[in-house]
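Visitor: My questions all concern the structure below.
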Amino acid sequence: MGVIEEIRGGLVVSCQATPPNPLAGPGSMALMARAAELGGAVGIRANGPADIAAIKEATGLPVIGIHKLGRDVSPVYITPTFEAAAAVAAAGCDLIAVDGTLRHGRPRV
């Protein structure tokens, strides 16, 4: 069974926090993802290579990876470059989410 079929119809939980949120960081995100898994989630959406790697180690769930680089890097916020996508792929995510909208100044990936 493919990842899409595995998560179809179920709850995908977003486990992401950025500083200054006190939950920011791979350890906290792995715990949140594990709690979501125990609660019946079928997948996790996570931000950044470190959090993705920790979540993959802590759970058996598929992970949809994103990589927010910040508005100072690009007007596109969600996985705006090939390098950002490659980094979350290398961290072990099962799917990569990107902002596929057309807008002025969007970098080519």
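Going by the structure tokens order, chains are called A, B, ..., each with residues numbered from 1, while ligands are numbered from 1 in the order shown.
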DSSP on the backbone, then: every residue of segment 22-85 of chain A marked helix (DSSP H, G or I), written as a PyMOL selection string.
Guide: chain A and resi 26-38+49-58+82-85
Visitor: Which residues of segment 25-77 of chain A come within 7 Å of segment 92-96 of chain A, and what is each one's closest atom pair and distance in Å (one decimal), counting only C-alpha atoms, sorted by chain and residue number, as a tab-separated table?
Guide:
```
residue	atom	partner	partner_atom	distance
A:Ile52	CA	A:Cys93	CA	6.5
A:Ala53	CA	A:Gly92	CA	6.1
A:Lys56	CA	A:Gly92	CA	6.9
A:Pro62	CA	A:Asp94	CA	5.7
A:Val63	CA	A:Cys93	CA	5.0
A:Ile64	CA	A:Leu95	CA	4.7
A:Gly65	CA	A:Ile96	CA	4.8
A:Ile66	CA	A:Ile96	CA	6.1
```
Visitor: Can you tell me, as a compact mmCIF listing (two decimals) with N, CA and C atoms, in the first residue's frame, what residues are no more than 6 Å from segment 8-14 of chain A when counting only C-alpha atoms, ignoring any on the same chain fewer than 6 positions away?
Guide:
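Generated output (around-v2.txt):
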```txt
# COMPACT_ATOMS: atom_id res chain seq x y z
N ALA A 41 -3.87 9.07 15.04
CA ALA A 41 -3.46 9.75 13.81
C ALA A 41 -2.89 8.74 12.82
N VAL A 42 -3.09 9.01 11.54
CA VAL A 42 -2.56 8.13 10.48
C VAL A 42 -1.31 8.71 9.83
N GLY A 43 -0.99 9.95 10.16
CA GLY A 43 0.19 10.60 9.59
C GLY A 43 0.50 11.87 10.34
N ILE A 44 1.70 12.39 10.08
CA ILE A 44 2.18 13.61 10.73
C ILE A 44 2.67 14.57 9.66
N ARG A 45 2.40 15.85 9.84
CA ARG A 45 2.98 16.91 9.02
C ARG A 45 3.99 17.62 9.91
```
Visitor: Would you mind reading off the distance between atom CA of Cys15 of chain A and atom CA of Ala46 of chain A, one decimal, in Å?
Guide: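 Calculated distance between atom CA of Cys15 of chain A and atom CA of Ala46 of chain A is 5.3 Å.
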Visitor: Identify all residues of chain A in strand (DSSP E or B) (DSSP on the backbone) and supply them as a ChimeraX atom specification.
Guide: /A:12-15,43-47,63-66,68,78,95-96
Visitor: Of the candidates A:Pro75, A:Gly25, A:Gly60, A:Gly2, which shows the shortest atom-to-atom distance to Leu38 of chain A, using only C-alpha atoms?
Guide: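 Ranked by minimum distance to Leu38 of chain A, first place goes to A:Gly60.
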Visitor: At a cut-off of 7 Å, using only C-alpha atoms, what residues contact Ala58 of chain A? Leave out same-chain residues fewer than 4 positions from it and give the result as a short mmCIF file (atom, residue, chain, number, x, y, z; two decimals) with N, CA and C atoms, in the first residue's frame.
Guide:
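Result went into out-v9.cif, see below:
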```cif
data_model
loop_
_atom_site.label_atom_id
_atom_site.label_comp_id
_atom_site.auth_asym_id
_atom_site.auth_seq_id
_atom_site.Cartn_x
_atom_site.Cartn_y
_atom_site.Cartn_z
N ALA A 30 8.83 15.10 18.57
CA ALA A 30 8.74 13.64 18.55
C ALA A 30 7.72 13.15 19.58
N ARG A 34 4.27 11.22 18.77
CA ARG A 34 3.98 9.93 19.40
C ARG A 34 2.60 9.97 20.07
N ALA A 54 13.53 13.11 13.96
CA ALA A 54 13.15 12.69 15.30
C ALA A 54 11.77 12.03 15.31
#
```
Visitor: Between atom CA of Ala35 of chain A and atom CA of Ile55 of chain A, measure the distance and give it in Å to one decimal.
Guide: 11.0 Å
Visitor: At a cut-off of 10 Å, using only C-alpha atoms, what residues contact Val98 of chain A? Leave out same-chain residues fewer than 5 positions from it and give the result as a list of chain:residue names.
Guide: A:Gly65, A:Ile66, A:His67, A:Lys68, A:Val76, A:Tyr77, A:Ile78, A:Thr79, A:Pro80, A:Thr81, A:Phe82, A:Ala84, A:Ala85
Visitor: Between atom CA of Gly27 of chain A and atom CA of Glu5 of chain A, what is the distance, to one decimal in Å?
Guide: 28.5 Å
